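Novice: My structure is stored as my_file10.txt, with compact mmCIF, C-alpha atoms.
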# COMPACT_ATOMS: atom_id res chain seq x y z
CA MET A 15 -22.59 -7.42 -13.08
CA ILE A 16 -19.98 -6.42 -15.64
CA ASN A 17 -16.35 -6.77 -14.65
CA LEU A 18 -13.37 -4.78 -15.86
CA ALA A 19 -11.87 -7.72 -17.77
CA ALA A 20 -14.98 -7.91 -19.98
CA ILE A 21 -14.85 -4.16 -20.63
CA ILE A 22 -11.15 -4.25 -21.57
CA ASP A 23 -11.88 -7.16 -23.90
CA LYS A 24 -15.00 -5.75 -25.61
CA LEU A 25 -13.68 -2.21 -26.02
CA GLU A 26 -10.18 -3.44 -26.95
CA LEU A 27 -8.59 -1.17 -24.40
CA LYS A 28 -4.88 -0.89 -23.78
CA VAL A 29 -3.95 -1.36 -20.12
CA LEU A 30 -1.43 1.30 -19.10
CA THR A 31 -1.04 0.39 -15.43
CA ALA A 32 0.04 -2.83 -13.72
CA GLU A 33 -1.77 -6.04 -14.66
CA LYS A 34 -4.10 -7.41 -12.06
CA ASP A 35 -7.08 -9.74 -11.94
CA PHE A 36 -9.51 -7.43 -13.73
CA SER A 37 -12.28 -10.04 -13.62
CA GLN A 38 -12.48 -9.42 -9.86
CA ILE A 39 -13.16 -5.70 -10.32
CA SER A 40 -16.83 -5.05 -10.88
CA VAL A 41 -18.01 -1.90 -12.58
CA LYS A 42 -21.34 -0.63 -11.40
CA LYS A 43 -21.80 2.74 -13.09
CA GLY A 44 -20.24 5.00 -15.65
CA TYR A 45 -19.49 8.70 -15.86
CA THR A 46 -17.98 11.03 -18.39
CA SER A 47 -16.67 14.60 -18.24
CA ASP A 48 -13.37 16.37 -18.77
CA LEU A 49 -13.95 18.91 -16.04
CA LEU A 50 -12.52 17.62 -12.79
CA SER A 51 -14.92 19.47 -10.54
CA CYS A 52 -17.85 17.96 -12.41
CA VAL A 53 -16.33 14.52 -11.93
CA MET A 54 -15.89 15.29 -8.25
CA ALA A 55 -19.54 16.18 -8.05
CA GLY A 56 -20.98 13.47 -10.26
CA ALA A 57 -18.92 10.27 -10.50
CA PRO A 58 -20.27 7.53 -8.23
CA ASN A 59 -18.10 5.07 -6.23
CA SER A 60 -16.67 2.12 -8.18
CA SER A 61 -17.67 3.66 -11.48
CA ILE A 62 -15.67 3.84 -14.69
CA TRP A 63 -14.74 7.34 -15.85
CA VAL A 64 -14.33 8.24 -19.52
CA THR A 65 -12.22 11.32 -20.22
CA LEU A 66 -9.68 12.69 -22.65
CA GLN A 67 -7.69 14.28 -19.84
CA ALA A 68 -4.41 12.47 -19.30
CA HIS A 69 -2.51 14.61 -16.77
CA ASN A 70 -1.77 13.31 -13.31
CA ASN A 71 -4.61 15.01 -11.46
CA ILE A 72 -7.06 12.51 -12.93
CA VAL A 73 -5.40 9.94 -10.66
CA ALA A 74 -5.91 12.12 -7.58
CA VAL A 75 -9.58 12.55 -8.48
CA ALA A 76 -10.10 8.83 -9.16
CA ALA A 77 -8.36 7.86 -5.91
CA LEU A 78 -10.44 10.25 -3.83
CA LEU A 79 -13.64 9.00 -5.39
CA GLU A 80 -12.52 5.35 -5.36
CA LEU A 81 -13.33 4.82 -9.01
CA SER A 82 -12.77 1.41 -10.64
CA ALA A 83 -10.87 2.67 -13.65
CA ILE A 84 -10.30 5.57 -16.04
CA ILE A 85 -10.65 5.19 -19.81
CA ILE A 86 -8.54 7.83 -21.54
CA THR A 87 -9.92 8.49 -25.00
CA GLU A 88 -8.66 9.72 -28.39
CA GLY A 89 -5.26 8.14 -27.80
CA ALA A 90 -4.24 10.72 -25.19
CA THR A 91 -1.24 9.34 -23.32
CA PRO A 92 -0.43 10.01 -19.67
CA ASP A 93 3.23 10.52 -18.79
CA PRO A 94 5.19 7.86 -16.85
CA VAL A 95 4.85 9.82 -13.59
CA THR A 96 1.07 9.67 -13.88
CA ILE A 97 1.14 5.94 -14.58
CA HIS A 98 3.45 5.39 -11.63
CA LYS A 99 1.14 7.39 -9.38
CA ALA A 100 -1.87 5.41 -10.63
CA ASN A 101 -0.10 2.16 -9.76
CA GLU A 102 0.64 3.53 -6.31
CA GLU A 103 -2.98 4.46 -5.75
CA GLY A 104 -4.29 1.24 -7.28
CA ILE A 105 -6.14 3.05 -10.09
CA THR A 106 -6.36 1.25 -13.43
CA LEU A 107 -5.65 3.45 -16.47
CA LEU A 108 -7.02 2.26 -19.81
CA GLN A 109 -6.50 3.80 -23.21
CA THR A 110 -8.44 3.83 -26.45
CA GLU A 111 -8.06 5.51 -29.83
CA GLN A 112 -11.84 6.03 -29.99
CA ASN A 113 -13.50 9.22 -28.85
CA SER A 114 -15.48 9.58 -25.63
CA PHE A 115 -18.91 9.41 -27.32
CA HIS A 116 -18.08 6.13 -29.03
CA THR A 117 -16.60 4.68 -25.82
CA VAL A 118 -19.60 5.62 -23.71
CA GLY A 119 -21.86 4.09 -26.38
CA LEU A 120 -20.07 0.75 -26.12
CA LEU A 121 -20.19 0.83 -22.32
CA TRP A 122 -23.93 1.50 -22.49
CA GLU A 123 -24.35 -1.50 -24.79
CA LEU A 124 -22.59 -3.62 -22.18
CA GLY A 125 -25.25 -2.58 -19.69
CA ILE A 126 -23.36 0.11 -17.80
CA ARG A 127 -25.58 3.02 -16.85
CA ALA A 128 -25.23 6.44 -15.29
CA GLU A 129 -26.26 6.98 -11.71
CA LYS A 130 -29.85 8.13 -11.60
CA MET B 24 10.05 4.05 -12.39
CA ALA B 25 8.19 3.34 -15.59
CA THR B 26 9.80 3.67 -18.99
CA ASN B 27 8.98 6.45 -21.41
CA SER B 28 6.43 4.60 -23.48
CA PRO B 29 3.50 3.33 -21.47
CA GLN B 30 3.17 -0.39 -22.07
CA ARG B 31 1.86 -3.56 -20.53
CA LYS B 32 4.35 -4.54 -17.92
CA ARG B 33 4.50 -5.58 -14.35
CA ILE B 34 5.40 -2.68 -12.15
CA ILE B 35 6.18 -3.44 -8.54
CA SER B 36 3.96 -1.24 -6.42
CA ASP B 37 5.33 0.61 -3.41
CA GLN B 38 3.37 -1.72 -1.21
CA GLU B 39 5.06 -4.75 -2.70
CA ALA B 40 8.46 -3.08 -2.64
CA GLU B 41 7.89 -2.32 1.01
CA ASN B 42 7.11 -5.96 1.74
CA ILE B 43 10.16 -7.24 -0.09
CA SER B 44 12.50 -4.91 1.69
CA ARG B 45 10.85 -5.71 5.01
CA VAL B 46 11.67 -9.40 4.55
CA GLU B 47 15.24 -8.46 3.64
CA GLU B 48 15.43 -6.16 6.62
CA LEU B 49 14.21 -8.93 8.89
CA ALA B 50 16.79 -11.32 7.45
CA TYR B 51 19.44 -8.91 8.75
CA GLU B 52 17.68 -8.23 12.04
CA ILE B 53 16.82 -11.73 13.15
CA LYS B 54 19.61 -13.77 14.69
CA VAL B 55 20.27 -17.43 13.96
CA SER B 56 19.71 -18.22 17.65
CA GLU B 57 16.11 -16.97 17.35
CA VAL B 58 15.06 -19.42 14.65
CA MET B 59 17.39 -22.44 15.09
CA THR B 60 16.36 -25.75 16.62
CA SER B 61 18.19 -26.21 19.90
CA ASP B 62 16.37 -29.33 21.05
CA LEU B 63 18.65 -31.66 19.11
CA ILE B 64 19.04 -35.32 18.40
CA SER B 65 22.77 -35.93 18.21
CA PHE B 66 25.01 -39.00 18.00
CA SER B 67 28.21 -39.96 19.75
CA PRO B 68 31.09 -40.97 17.40
CA GLU B 69 31.10 -44.61 18.46
CA ILE B 70 27.61 -45.70 17.36
CA THR B 71 27.01 -47.90 14.31
CA MET B 72 25.28 -46.95 11.10
CA GLN B 73 22.53 -49.47 11.98
CA GLU B 74 21.69 -47.32 15.01
CA VAL B 75 21.68 -44.22 12.82
CA LEU B 76 19.20 -45.91 10.49
CA ASP B 77 16.93 -46.82 13.42
CA VAL B 78 16.95 -43.30 14.83
CA PHE B 79 16.30 -41.71 11.42
CA ARG B 80 13.31 -44.02 11.02
CA GLN B 81 11.86 -43.58 14.49
CA LYS B 82 12.35 -39.82 14.75
CA ARG B 83 11.61 -39.15 11.08
CA ILE B 84 14.72 -37.02 10.65
CA SER B 85 17.08 -36.84 7.72
CA GLY B 86 20.28 -35.67 9.38
CA ALA B 87 21.99 -35.21 12.74
CA PRO B 88 25.21 -33.82 14.21
CA ILE B 89 27.87 -35.96 15.87
CA VAL B 90 29.31 -34.53 19.05
CA SER B 91 32.18 -35.54 21.33
CA PRO B 92 31.50 -36.37 24.99
CA VAL B 93 32.42 -32.75 25.90
CA GLY B 94 29.98 -31.30 23.38
CA ASP B 95 32.35 -30.38 20.55
CA LEU B 96 30.97 -30.75 17.04
CA ILE B 97 32.79 -33.49 15.14
CA GLY B 98 30.71 -34.12 12.05
CA ILE B 99 27.32 -34.44 10.43
CA ILE B 100 25.52 -37.50 9.20
CA SER B 101 22.83 -37.13 6.55
CA MET B 102 20.40 -39.35 4.68
CA GLU B 103 22.78 -39.32 1.71
CA ASP B 104 25.59 -40.70 3.88
CA LEU B 105 23.22 -43.40 5.09
CA ILE B 106 22.29 -44.32 1.52
CA ARG B 107 25.97 -44.66 0.62
CA CYS B 108 26.35 -47.02 3.58
CA LEU B 109 23.30 -49.06 2.53
CA ILE B 110 24.69 -49.45 -0.99
CA ASP B 111 27.93 -50.70 0.56
CA LYS B 112 25.86 -53.03 2.82
CA ASP B 113 28.01 -51.75 5.65
CA LEU B 114 25.55 -51.00 8.47
CA ASP B 115 27.82 -52.55 11.10
CA SER B 116 30.59 -50.01 10.70
CA THR B 117 30.72 -46.96 12.97
CA ILE B 118 29.42 -43.54 12.10
CA ASN B 119 33.01 -42.26 11.81
CA LYS B 120 33.41 -43.88 8.42
CA TYR B 121 30.42 -42.19 6.73
CA MET B 122 29.95 -38.86 8.50
CA THR B 123 30.90 -35.58 6.84
CA THR B 124 33.66 -33.80 8.70
CA ARG B 125 34.21 -30.94 6.30
CA LEU B 126 31.79 -28.64 8.06
CA PHE B 127 30.26 -25.29 7.37
CA THR B 128 29.01 -23.83 10.61
CA ILE B 129 27.38 -20.64 11.68
CA LEU B 130 27.43 -18.59 14.86
CA PRO B 131 24.22 -18.20 16.90
CA THR B 132 24.79 -14.44 16.89
CA ASP B 133 24.94 -14.21 13.07
CA PRO B 134 21.94 -12.72 11.25
CA VAL B 135 19.88 -15.31 9.35
CA ILE B 136 20.93 -13.72 6.06
CA GLU B 137 24.39 -15.26 6.67
CA ALA B 138 22.83 -18.69 7.00
CA SER B 139 20.85 -18.11 3.77
CA LYS B 140 24.05 -17.18 1.96
CA LYS B 141 25.76 -20.36 3.19
CA PHE B 142 22.82 -22.48 2.08
CA VAL B 143 23.16 -21.00 -1.39
CA SER B 144 26.95 -21.30 -1.59
CA THR B 145 27.27 -24.82 -0.12
CA ASN B 146 24.03 -26.37 -1.32
CA PHE B 147 23.62 -27.96 2.13
CA GLY B 148 20.16 -28.34 3.62
CA ARG B 149 21.19 -27.75 7.24
CA LEU B 150 23.93 -25.99 9.11
CA PRO B 151 25.23 -26.71 12.61
CA VAL B 152 25.20 -23.70 14.88
CA VAL B 153 28.31 -23.59 17.06
CA ASP B 154 29.40 -21.00 19.57
CA LYS B 155 32.83 -19.38 19.79
CA ASP B 156 34.19 -22.37 21.77
CA HIS B 157 33.10 -24.73 19.01
CA LYS B 158 30.33 -26.20 21.16
CA LEU B 159 27.22 -27.26 19.24
CA VAL B 160 24.23 -25.17 20.31
CA GLY B 161 21.70 -25.92 17.56
CA MET B 162 20.88 -26.68 13.93
CA ILE B 163 19.34 -24.41 11.35
CA THR B 164 17.48 -25.34 8.13
CA LYS B 165 15.93 -23.22 5.34
CA GLY B 166 12.54 -24.11 6.81
CA ASP B 167 13.58 -22.65 10.18
CA ILE B 168 14.47 -19.38 8.45
CA ASN B 169 11.17 -19.22 6.56
CA ARG B 170 9.18 -19.92 9.68
CA GLY B 171 11.13 -17.29 11.62
CA LEU B 172 10.57 -14.64 8.92
CA LEU B 173 6.87 -15.44 8.71
CA ARG B 174 6.51 -15.18 12.46
CA ALA B 175 8.23 -11.79 12.45
CA LEU B 176 6.06 -10.52 9.58
CA GLU B 177 2.98 -11.61 11.48
CA THR B 178 4.14 -9.61 14.47
CA ASP B 179 4.60 -6.60 12.18
CA TYR B 180 1.05 -7.01 10.91
CA GLN B 181 -0.33 -7.23 14.42
CA GLU B 182 1.58 -4.10 15.38
CA GLU B 183 -0.01 -2.22 12.44
CA GLU B 184 -3.45 -3.41 13.55
CA ILE B 185 -2.71 -2.21 17.07
CA ARG B 186 -1.60 1.16 15.65
CA LYS B 187 -4.89 1.47 13.74
CA TYR B 188 -6.82 0.44 16.81
CA ARG B 189 -4.98 3.01 18.91
CA ALA B 190 -5.57 5.76 16.34
CA SER B 191 -9.26 4.97 16.25
CA HIS B 192 -9.43 5.17 20.04
CA LEU B 193 -7.33 8.32 20.28
CA PHE B 194 -10.22 10.44 21.38
CA GLU B 195 -11.35 8.04 24.08
CA ASP B 196 -7.91 7.34 25.47
CA ILE B 197 -6.91 10.94 25.99
CA GLU B 198 -8.92 12.81 28.58
CA SER B 199 -9.36 16.53 28.33
CA ASP B 200 -12.21 18.97 28.22
CA ARG B 201 -11.76 19.25 24.49
CA THR B 202 -9.36 17.05 22.51
CA SER B 203 -8.49 17.80 18.93
CA LEU B 204 -5.97 16.71 16.36
CA ILE B 205 -4.62 19.34 13.98
CA LEU B 206 -3.09 18.52 10.60
CA ARG B 207 -1.35 21.25 8.58
CA TYR B 208 -0.26 21.17 4.97
CA GLN B 209 1.67 23.82 3.01
CA ILE B 210 0.32 24.07 -0.52
CA GLN B 211 2.58 25.46 -3.23
CA GLN B 212 1.19 27.71 -5.94
CA GLY B 213 1.30 26.19 -9.42
CA ASN B 214 2.52 22.77 -8.33
CA PHE B 215 0.05 20.54 -10.15
CA ASP B 216 2.35 17.54 -9.86
CA ILE B 217 1.49 17.02 -6.22
CA GLY B 218 -2.03 18.41 -6.49
CA GLY B 219 -4.41 16.25 -4.49
CA GLN B 220 -1.71 14.86 -2.24
CA ALA B 221 -2.78 16.76 0.87
CA SER B 222 -6.41 15.78 0.39
CA SER B 223 -5.57 12.11 -0.10
CA ASN B 224 -3.31 12.16 2.99
CA ILE B 225 -6.07 13.75 5.05
CA LYS B 226 -8.61 11.23 3.78
CA ARG B 227 -6.28 8.38 4.79
CA ALA B 228 -5.79 9.91 8.25
CA LEU B 229 -9.55 10.14 8.72
CA ILE B 230 -10.04 6.47 7.78
CA ARG B 231 -7.32 5.50 10.25
CA LEU B 232 -9.06 7.49 12.92
CA GLY B 233 -12.17 5.46 12.26
CA ALA B 234 -14.22 7.96 10.25
CA SER B 235 -16.90 6.48 8.00
CA LYS B 236 -16.23 6.18 4.27
CA GLN B 237 -18.98 8.71 3.66
CA ILE B 238 -17.40 11.34 5.88
CA ALA B 239 -13.92 10.63 4.48
CA ARG B 240 -15.25 11.01 0.93
CA ARG B 241 -17.03 14.29 1.65
CA CYS B 242 -13.93 15.67 3.36
CA GLY B 243 -11.73 14.39 0.55
CA ILE B 244 -13.76 16.18 -2.13
CA ALA B 245 -14.02 19.46 -0.19
CA ILE B 246 -10.33 19.50 0.68
CA TYR B 247 -9.31 18.57 -2.88
CA GLU B 248 -11.22 21.52 -4.28
CA ALA B 249 -9.75 23.86 -1.66
CA GLU B 250 -6.29 22.46 -2.33
CA MET B 251 -6.61 22.98 -6.09
CA ASN B 252 -7.86 26.53 -5.50
CA LEU B 253 -4.67 27.26 -3.56
CA ILE B 254 -2.57 25.75 -6.35
CA ILE B 255 -4.40 27.50 -9.19
CA HIS B 256 -5.47 30.88 -7.90
CA THR B 257 -3.02 32.13 -5.27
CA THR B 258 0.11 34.22 -5.68
CA GLU B 259 2.27 32.18 -3.32
CA GLY B 260 0.26 29.17 -2.26
CA GLY B 261 -1.33 28.77 1.12
CA VAL B 262 -2.07 26.52 4.04
CA LEU B 263 -4.60 23.78 4.69
CA ARG B 264 -5.38 23.28 8.35
CA VAL B 265 -7.64 20.46 9.42
CA GLU B 266 -8.80 20.14 12.99
CA ILE B 267 -10.37 16.83 13.90
CA GLU B 268 -12.52 16.56 16.99
CA PRO B 269 -14.87 13.77 18.06
CA HIS B 270 -17.90 15.85 17.10
CA GLN B 271 -16.67 17.82 14.10
CA ILE B 272 -14.02 18.39 11.47
CA SER B 273 -13.01 21.99 10.81
CA ILE B 274 -11.05 22.78 7.68
CA ASP B 275 -9.36 26.12 7.02
CA ALA B 276 -7.78 26.98 3.69
CA TYR B 277 -6.02 30.31 3.70
CA ASP B 278 -3.64 32.19 1.47
CA TYR B 279 -1.89 35.56 1.21
CA GLY B 280 -3.15 36.78 -2.08
CA PRO B 281 -4.38 37.97 -4.39
CA GLY B 282 -7.81 37.72 -2.78
CA ILE B 283 -11.19 37.55 -4.42
CA LYS B 284 -12.73 40.69 -5.90
CA ASP B 285 -16.33 39.61 -5.63
CA VAL B 286 -17.04 36.77 -3.21
CA ASP B 287 -20.71 36.45 -4.15
CA LEU B 288 -19.79 36.11 -7.82
CA ALA B 289 -17.10 33.53 -6.99
CA MET B 290 -19.73 31.39 -5.27
CA LYS B 291 -21.89 31.28 -8.44
CA PRO B 292 -21.86 27.90 -10.22
CA GLY B 293 -19.87 28.12 -13.44
CA TYR B 294 -18.08 31.35 -12.62
CA SER B 295 -14.33 30.99 -12.92
CA THR B 296 -11.26 33.19 -13.29
CA ALA B 297 -9.00 30.31 -14.32
CA SER B 298 -6.54 30.84 -17.19
CA ASP B 299 -6.87 28.96 -20.47
CA ALA B 300 -3.84 26.81 -19.64
CA VAL B 301 -5.46 25.68 -16.41
CA ARG B 302 -8.81 25.13 -18.13
CA GLU B 303 -7.14 22.83 -20.63
CA MET B 304 -6.25 20.55 -17.74
CA GLY B 305 -9.91 20.30 -16.84
CA PHE B 306 -9.88 22.82 -14.02
CA GLY B 307 -11.74 26.07 -13.95
CA ALA B 308 -15.24 24.62 -14.30
CA GLY B 309 -16.38 27.18 -11.78
CA MET B 310 -17.75 24.35 -9.64
CA GLY B 311 -15.10 24.10 -6.93
CA LEU B 312 -16.76 26.22 -4.28
CA VAL B 313 -20.14 24.78 -5.24
CA ASN B 314 -18.80 21.28 -4.69
CA ILE B 315 -17.39 22.29 -1.35
CA SER B 316 -20.68 23.72 -0.16
CA ARG B 317 -22.38 20.48 -1.16
CA CYS B 318 -19.94 18.37 0.88
CA VAL B 319 -19.67 20.35 4.10
CA ASP B 320 -22.23 21.38 6.67
CA GLN B 321 -20.98 24.94 7.01
CA MET B 322 -18.75 27.10 4.91
CA LYS B 323 -17.64 30.68 5.09
CA LEU B 324 -15.50 32.47 2.54
CA GLU B 325 -13.79 35.69 3.54
CA SER B 326 -11.52 37.60 1.26
CA VAL B 327 -9.89 40.98 0.96
CA TRP B 328 -8.72 41.89 -2.52
CA GLY B 329 -4.97 42.43 -2.42
CA LYS B 330 -4.58 40.67 0.91
CA GLY B 331 -5.80 37.08 0.70
CA SER B 332 -8.64 34.68 1.32
CA ARG B 333 -9.77 32.39 4.08
CA LEU B 334 -12.20 29.56 3.47
CA LYS B 335 -13.61 27.95 6.59
CA MET B 336 -15.45 24.66 6.30
CA ARG B 337 -17.01 22.44 8.91
CA LEU B 338 -18.48 18.95 8.96
CA PHE B 339 -20.49 17.80 11.95
CA LEU B 340 -20.21 14.23 13.16
CA ASP B 341 -22.86 12.78 15.37
CA SER B 342 -21.74 12.52 18.96
CA GLU B 343 -20.90 8.83 18.86
CA HIS B 344 -19.38 9.03 15.40
CA ILE B 345 -15.72 8.13 15.72
CA THR B 346 -16.06 5.05 17.93
CA GLN B 347 -19.34 3.89 16.51
CA GLU B 348 -18.14 4.04 12.94
CA SER B 349 -15.00 2.10 13.71
CA GLU B 350 -17.15 -0.57 15.29
CA ASN B 351 -19.29 -0.68 12.16
CA GLN B 352 -16.28 -1.14 9.94
CA LYS B 353 -15.04 -4.06 12.01
CA SER B 354 -18.30 -5.97 11.81
In structure tokens, how does this file's structure come out?

Specialist:
Amino acid sequence: MINLAAIIDKLELKVLTAEKDFSQISVKKGYTSDLLSCVMAGAPNSSIWVTLQAHNNIVAVAALLELSAIIITEGATPDPVTIHKANEEGITLLQTEQNSFHTVGLLWELGIRAEK
Amino acid sequence: MATNSPQRKRIISDQEAENISRVEELAYEIKVSEVMTSDLISFSPEITMQEVLDVFRQKRISGAPIVSPVGDLIGIISMEDLIRCLIDKDLDSTINKYMTTRLFTILPTDPVIEASKKFVSTNFGRLPVVDKDHKLVGMITKGDINRGLLRALETDYQEEEIRKYRASHLFEDIESDRTSLILRYQIQQGNFDIGGQASSNIKRALIRLGASKQIARRCGIAIYEAEMNLIIHTTEGGVLRVEIEPHQISIDAYDYGPGIKDVDLAMKPGYSTASDAVREMGFGAGMGLVNISRCVDQMKLESVWGKGSRLKMRLFLDSEHITQESENQKS
């Protein structure tokens, strides 16, 4: 099982929220979409979500679905309020300059799959 | 609060902040008398340093107060004083010669924070506790304070567990022909900053009440979509009303306008009336109502154009649900 520390390392992600022991957080599945209702419908528990949305409702969605982490792509930057809220909810926000397609490709190579 | 540029840094979470302030709070709440040692070994002023050495060895202590025959505190003798005496090879002299008489004391009624402050300012390891009449009533060390705080925190934790237990047994403990718990939330139009707050609060309440994760998740999703609809599409916001009963959860989302022109069309996957600005945030997929219908057992959408809308949702729980699920979570 892949853990979040390995993903952060391999994808060279920037951690925007508080540091924690990412090696203890296992990532089972992946999901990508920028439409929140689609995420609501499709993202499985404990999955990693790839999106270019960076506003604070992504945190609400991730918290409700109990996702492991969000990778925000194309260098989009959430505001401090969003980061604060993510820390409160225990959601890890990660950032990359790469686009979503590239990011999902790397996750797939690491063995992360979509829910069937 | 975080700084303007997001960066790697340690941010103290609310949970941690809460714990820190709770310890501080307790340090003000707990009195010295509650944590001090009152079962004391003390010396009379006439004994020799040899006797002090023997008692320190036998009782494995490193300090003791010296009290007069009427119980007044006279001084303190510590391991350091004893070492000075040993260097002088002077074990036959009386305790008077080596004891410390410049004393910092504390009242039994003082909060432990006062004792902590004195430990810091004096660098002493123990403080005699004396009452208003200067009678020795106990001794306090840093260890006593730590143990006292830990004990109090443990009590706090147990109280929270009891609260959870009580919440999960709410429906058994209260007898009526039909018991229900109603939660109401006012949702403001256009306020995306707190979007999702009501749904996450409701989800938390359901978990506390002992609902299964599955039920809490389904409710969370349905209520989130309804909440965002109120934020995005209404003229002046609306109300979320959740009624929790042992056998079902009924959720009402209603607003006072503008209403939906064509309800059947609104229910179609992909149909949305959201503005471009809202779509840019990832809303307006036209999947909200579809998601809701997937998560709930019953839903009914009524709307009058120009007046407002009312979305009624219901989830059925099997008869044993609330208690049974809480049992499952414990095991």

Novice: Distance cut-off 10 Å, centre (-1.6, 14.8, -26.1) in file coordinates, counting all atoms listed in the file: which residues qualify? Return them as a PyMOL selection string.

Specialist: chain A and resi 66-69+88-93

Novice: For Ser60 of chain A, which residue among A:Ile72, A:Ile126, A:Leu108, A:Leu120 is the nearest when counting only C-alpha atoms?

Specialist: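 Closest residue, counting only C-alpha atoms: A:Ile126.
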
Novice: For Leu340 of chain B, please output as number ranges by chain all residues within 9 Å (counting only C-alpha atoms; exclusion window: fewer than 6 positions along the same chain).

Specialist: B: 238, 268-272

Novice: Restricting it to C-alpha atoms, dump the selection as a CSV table (one decimal), in the coordinates of the input.

Specialist:
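The new file out36.csv reads:
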chain,number,residue,atom,x,y,z
B,238,ILE,CA,-17.4,11.3,5.9
B,268,GLU,CA,-12.5,16.6,17.0
B,269,PRO,CA,-14.9,13.8,18.1
B,270,HIS,CA,-17.9,15.8,17.1
B,271,GLN,CA,-16.7,17.8,14.1
B,272,ILE,CA,-14.0,18.4,11.5

Novice: For chain B, work out the contacting residues on chain A at 10 Å, counting only C-alpha atoms, and write them as number ranges by chain.

Specialist: A: 28-34, 47-56, 59, 65-75, 77-80, 91-104

Novice: Restricting the calculation to all atoms listed in the file, which member of A:Leu81, A:Leu107, A:Ile39, A:Val64 is positioned closest to Gly119 of chain A?

Specialist: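 For Gly119 of chain A, the nearest of the candidates is A:Val64.
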
Novice: Just the residues within 10 Å of segment 173-186 of chain B, please, counting all atoms listed in the file, with nothing from its chain fewer than 4 positions along; format it as a short mmCIF file (atom, residue, chain, number, x, y, z; two decimals) with C-alpha atoms, keeping the file's coordinate frame.

Specialist:
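This went into part37.cif:
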data_model
loop_
_atom_site.label_atom_id
_atom_site.label_comp_id
_atom_site.auth_asym_id
_atom_site.auth_seq_id
_atom_site.Cartn_x
_atom_site.Cartn_y
_atom_site.Cartn_z
CA ASN B 42 7.11 -5.96 1.74
CA ARG B 45 10.85 -5.71 5.01
CA VAL B 46 11.67 -9.40 4.55
CA LEU B 49 14.21 -8.93 8.89
CA ALA B 50 16.79 -11.32 7.45
CA ILE B 53 16.82 -11.73 13.15
CA VAL B 58 15.06 -19.42 14.65
CA ASP B 167 13.58 -22.65 10.18
CA ILE B 168 14.47 -19.38 8.45
CA ASN B 169 11.17 -19.22 6.56
CA ALA B 190 -5.57 5.76 16.34
CA SER B 191 -9.26 4.97 16.25
CA HIS B 192 -9.43 5.17 20.04
CA ARG B 231 -7.32 5.50 10.25
#

Novice: Work out how far apart atom CA of Ala249 of chain B and atom CA of Val41 of chain A are and give it in Å to one decimal.

Specialist: 29.2 Å

Novice: Rebuild segment 88-99 of chain A so that it carries N, CA and C atoms, then output the result as an mmCIF file, in the coordinates of the input.

Specialist:
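File written: result-v1.cif
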data_model
loop_
_atom_site.group_PDB
_atom_site.id
_atom_site.type_symbol
_atom_site.label_atom_id
_atom_site.label_comp_id
_atom_site.auth_asym_id
_atom_site.auth_seq_id
_atom_site.Cartn_x
_atom_site.Cartn_y
_atom_site.Cartn_z
ATOM 1 N N GLU A 88 -9.323 9.033 -27.276
ATOM 2 C CA GLU A 88 -8.660 9.720 -28.390
ATOM 3 C C GLU A 88 -7.141 9.556 -28.346
ATOM 4 N N GLY A 89 -6.693 8.449 -27.803
ATOM 5 C CA GLY A 89 -5.260 8.140 -27.800
ATOM 6 C C GLY A 89 -4.403 9.042 -26.943
ATOM 7 N N ALA A 90 -5.020 9.865 -26.083
ATOM 8 C CA ALA A 90 -4.240 10.720 -25.190
ATOM 9 C C ALA A 90 -3.399 9.818 -24.277
ATOM 10 N N THR A 91 -2.163 10.204 -24.056
ATOM 11 C CA THR A 91 -1.240 9.340 -23.320
ATOM 12 C C THR A 91 -0.735 10.032 -22.063
ATOM 13 N N PRO A 92 -0.977 9.438 -20.904
ATOM 14 C CA PRO A 92 -0.430 10.010 -19.670
ATOM 15 C C PRO A 92 1.085 9.814 -19.607
ATOM 16 N N ASP A 93 1.781 10.685 -18.889
ATOM 17 C CA ASP A 93 3.230 10.520 -18.790
ATOM 18 C C ASP A 93 3.558 9.435 -17.743
ATOM 19 N N PRO A 94 4.818 8.960 -17.751
ATOM 20 C CA PRO A 94 5.190 7.860 -16.850
ATOM 21 C C PRO A 94 4.930 8.178 -15.366
ATOM 22 N N VAL A 95 5.084 9.444 -14.981
ATOM 23 C CA VAL A 95 4.850 9.820 -13.590
ATOM 24 C C VAL A 95 3.395 9.549 -13.204
ATOM 25 N N THR A 96 2.498 9.886 -14.123
ATOM 26 C CA THR A 96 1.070 9.670 -13.880
ATOM 27 C C THR A 96 0.762 8.187 -13.753
ATOM 28 N N ILE A 97 1.366 7.388 -14.616
ATOM 29 C CA ILE A 97 1.140 5.940 -14.580
ATOM 30 C C ILE A 97 1.685 5.359 -13.276
ATOM 31 N N HIS A 98 2.844 5.844 -12.879
ATOM 32 C CA HIS A 98 3.450 5.390 -11.630
ATOM 33 C C HIS A 98 2.538 5.717 -10.444
ATOM 34 N N LYS A 99 2.018 6.949 -10.461
ATOM 35 C CA LYS A 99 1.140 7.390 -9.380
ATOM 36 C C LYS A 99 -0.150 6.543 -9.354
#
